[in-house]
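**Student:** Provided herewith: model.csv, CSV, C-alpha atoms.
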```csv
chain,number,residue,atom,x,y,z
A,52,VAL,CA,6.2,55.7,23.6
A,53,THR,CA,3.2,57.5,25.3
A,54,ARG,CA,2.6,59.3,28.6
A,55,SER,CA,0.2,57.7,31.0
A,56,GLU,CA,-3.1,59.4,31.6
A,57,ASP,CA,-2.1,60.5,35.1
A,58,GLY,CA,1.2,61.8,33.8
A,59,LYS,CA,3.3,59.7,36.3
A,60,ALA,CA,4.6,57.1,33.9
A,61,ILE,CA,5.7,56.4,30.3
A,62,ILE,CA,4.2,53.5,28.4
A,63,LEU,CA,6.5,51.6,26.1
A,64,SER,CA,4.7,49.5,23.5
A,65,PHE,CA,6.0,47.2,20.8
A,66,LEU,CA,5.7,48.5,17.3
A,67,GLN,CA,2.8,47.3,15.2
A,68,GLY,CA,4.0,44.6,12.8
A,69,SER,CA,6.9,43.6,15.0
A,70,GLY,CA,5.3,40.3,15.8
A,71,VAL,CA,5.3,41.1,19.5
A,72,SER,CA,2.5,42.7,21.5
A,73,GLY,CA,2.4,44.3,24.9
A,74,SER,CA,3.6,47.3,26.7
A,75,ILE,CA,5.3,48.2,29.9
A,76,ALA,CA,4.9,51.3,32.2
A,77,LEU,CA,8.0,53.0,33.6
A,78,ASP,CA,8.1,55.6,36.2
A,79,GLU,CA,10.6,58.5,36.1
A,80,LYS,CA,13.4,56.6,37.9
A,81,GLN,CA,12.9,53.4,35.8
A,82,LEU,CA,12.9,55.4,32.6
A,83,ALA,CA,16.1,57.3,33.6
A,84,GLN,CA,17.8,53.9,34.3
A,85,LEU,CA,16.7,52.6,30.9
A,86,ILE,CA,18.0,55.6,29.1
A,87,THR,CA,21.4,55.3,31.0
A,88,SER,CA,21.6,51.6,30.2
A,89,LEU,CA,20.8,52.2,26.5
A,90,GLY,CA,23.4,55.0,26.4
A,91,LEU,CA,26.0,52.8,27.9
A,92,ALA,CA,25.1,49.9,25.5
A,93,HIS,CA,25.4,52.4,22.5
A,94,ALA,CA,28.7,53.6,23.8
A,95,SER,CA,30.1,50.1,24.0
A,96,LEU,CA,29.0,49.4,20.4
A,97,ILE,CA,30.9,52.5,19.1
A,98,GLU,CA,33.9,52.5,21.5
A,99,THR,CA,36.4,51.6,18.8
A,100,GLN,CA,35.1,54.2,16.3
A,101,PRO,CA,36.3,57.8,16.1
A,102,PRO,CA,33.8,60.3,17.3
A,103,ALA,CA,31.3,61.2,14.6
A,104,SER,CA,31.4,64.7,13.2
A,105,ILE,CA,28.7,67.1,14.6
A,106,ALA,CA,28.8,69.3,11.5
A,107,GLY,CA,25.2,69.7,10.4
A,108,ALA,CA,23.9,67.5,13.3
A,109,ARG,CA,20.6,68.4,14.9
A,110,PHE,CA,20.5,68.8,18.7
A,111,THR,CA,18.3,70.4,21.3
A,112,PRO,CA,20.1,72.9,23.5
A,113,VAL,CA,19.6,72.9,27.3
A,114,TYR,CA,18.7,76.3,28.6
A,115,THR,CA,17.9,75.5,32.2
A,116,THR,CA,20.0,73.1,34.2
A,117,ASN,CA,22.3,72.6,37.1
A,118,TRP,CA,26.0,72.4,36.1
A,119,ALA,CA,29.4,72.2,37.6
A,120,LEU,CA,32.9,72.8,36.4
A,121,GLN,CA,35.9,71.1,38.0
A,122,ILE,CA,39.5,70.2,37.2
A,123,ASP,CA,40.1,66.8,35.6
A,124,ALA,CA,43.4,65.6,37.2
A,125,LEU,CA,43.9,62.8,34.5
A,126,THR,CA,44.1,65.2,31.6
A,127,GLU,CA,44.9,68.4,33.4
A,128,GLY,CA,41.9,69.9,31.7
A,129,SER,CA,38.4,70.8,32.9
A,130,MET,CA,35.3,68.8,33.2
A,131,LEU,CA,31.9,70.4,32.6
A,132,ALA,CA,29.1,68.4,33.9
A,133,PHE,CA,25.4,69.2,33.7
A,134,GLN,CA,22.0,67.8,34.1
A,135,HIS,CA,20.4,67.1,30.7
A,136,PRO,CA,16.6,66.9,30.9
A,137,ALA,CA,16.5,64.0,28.5
A,138,TYR,CA,19.6,62.0,29.3
A,139,GLY,CA,20.4,62.8,32.9
A,140,PRO,CA,23.9,63.8,34.2
A,141,VAL,CA,26.3,64.4,31.3
A,142,GLY,CA,30.0,65.4,31.5
A,143,ILE,CA,32.6,66.4,29.0
A,144,VAL,CA,36.3,66.8,29.6
A,145,PHE,CA,38.1,69.6,27.8
A,146,GLY,CA,41.9,69.3,27.5
A,147,PRO,CA,44.1,72.4,28.0
A,148,GLN,CA,44.0,73.3,24.3
A,149,ASP,CA,40.2,73.0,24.3
A,150,VAL,CA,40.0,75.2,27.4
A,151,GLU,CA,42.1,78.0,25.7
A,152,GLN,CA,39.7,77.8,22.6
A,153,ILE,CA,36.7,78.0,24.9
A,154,ILE,CA,38.1,81.0,26.8
A,155,ARG,CA,38.8,82.8,23.5
A,156,GLY,CA,35.2,82.1,22.4
A,157,LEU,CA,33.7,83.3,25.7
A,158,GLN,CA,35.8,86.4,25.6
A,159,LYS,CA,34.5,87.2,22.1
A,160,GLN,CA,31.0,86.6,23.3
A,161,ARG,CA,31.4,89.2,26.1
A,162,THR,CA,32.3,91.9,23.6
A,163,MET,CA,29.1,91.5,21.6
A,164,ILE,CA,27.0,94.6,21.5
A,165,ARG,CA,23.5,94.1,22.7
A,166,SER,CA,20.6,96.4,22.2
A,167,ASN,CA,19.2,95.5,25.5
A,168,PRO,CA,21.4,94.3,28.4
A,169,ASP,CA,18.7,91.7,29.4
A,170,ASP,CA,19.2,90.0,25.9
A,171,ALA,CA,22.4,88.4,27.2
A,172,SER,CA,20.4,86.0,29.3
A,173,LYS,CA,18.0,85.0,26.4
A,174,PRO,CA,18.7,82.4,23.7
A,175,SER,CA,19.6,83.8,20.3
```
Take the structure in the file and give it back as structure tokens.

**Tutor:**
Amino acid sequence: VTRSEDGKAIILSFLQGSGVSGSIALDEKQLAQLITSLGLAHASLIETQPPASIAGARFTPVYTTNWALQIDALTEGSMLAFQHPAYGPVGIVFGPQDVEQIIRGLQKQRTMIRSNPDDASKPS
């Protein structure tokens, strides 16, 4: 996977030794569609498995995004949706017990003593 010289496309090339040669250029919209399609394909492969543990998992936090919080009528919980720069729109539903746990965690976070008030808006 490489970025085109003009920066307007991503070039996908077959791996050396794969027995297949060639490449394809995808613009931003096409790449987002491919990522979504691959994500849905992956989800269908693991749909009968319990969610994997995230203990010790590596992830990249999102610091700048658009997000929305709304009530999820099906679970009577809350859905947090946000725009992930790598994966596009992502949403997670928190049930009522999860919401209580999150509220407690956020209330604890508000009591943290900061040496500089502006530090609250910076990643730790």

**Student:** Determine, using only C-alpha atoms, which residues of stretch 53-107 of chain A have any atom at most 10 Å from an atom of stretch 129-144 of chain A, and tabulate each with its shortest atom pair and distance in Å to one decimal place, rows ordered by chain and then rising number, as JSON lines.

**Tutor:**
```
{"residue": "A:Leu82", "atom": "CA", "partner": "A:Tyr138", "partner_atom": "CA", "distance": 10.0}
{"residue": "A:Ala83", "atom": "CA", "partner": "A:Gly139", "partner_atom": "CA", "distance": 7.0}
{"residue": "A:Gln84", "atom": "CA", "partner": "A:Gly139", "partner_atom": "CA", "distance": 9.4}
{"residue": "A:Leu85", "atom": "CA", "partner": "A:Tyr138", "partner_atom": "CA", "distance": 10.0}
{"residue": "A:Ile86", "atom": "CA", "partner": "A:Tyr138", "partner_atom": "CA", "distance": 6.6}
{"residue": "A:Thr87", "atom": "CA", "partner": "A:Tyr138", "partner_atom": "CA", "distance": 7.1}
{"residue": "A:Gly90", "atom": "CA", "partner": "A:Tyr138", "partner_atom": "CA", "distance": 8.5}
```

**Student:** Considering all atoms listed in the file, return as a list in words whatever protein or nucleic-acid residues lie within 12 Å of A:Glu127, sequence-local ones (same chain, fewer than 2 positions apart) excluded.

**Tutor:**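 Within the cut-off, the hits are Gln121, Ile122, Asp123, Ala124, Leu125, Ser129, Met130, Val144, Phe145, Gly146, Pro147, Gln148, Asp149 and Val150 of chain A.
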
**Student:** Quick one: pull the distance between atom CA of A:Ala76 and atom CA of A:His93, Å, one decimal.

**Tutor:** 22.7 Å

**Student:** Hey, which of A:Ile153, A:Leu96, A:Glu79, A:Phe65 ends up closest to A:Val52? Count all atoms listed in the file.

**Tutor:**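 For A:Val52, the nearest of the candidates is A:Phe65.
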
**Student:** I need the residue nearest A:Asp57 from this list: A:Asp78, A:Gln100, A:Val113, A:Gly70. Use all atoms listed in the file for the distance.

**Tutor:**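 Smallest separation from A:Asp57 among the options: A:Asp78.
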
**Student:** For atom CA of A:Ile154 and atom CA of A:Gly128, determine how far apart the two atoms are, in Å to one decimal place.

**Tutor:**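 Atom-to-atom, atom CA of A:Ile154 and atom CA of A:Gly128 are spaced 12.7 Å apart.
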
**Student:** Which value, in Å to one decimal, gives the distance between atom CA of A:Trp118 and atom CA of A:Gln160?

**Tutor:** 19.8 Å
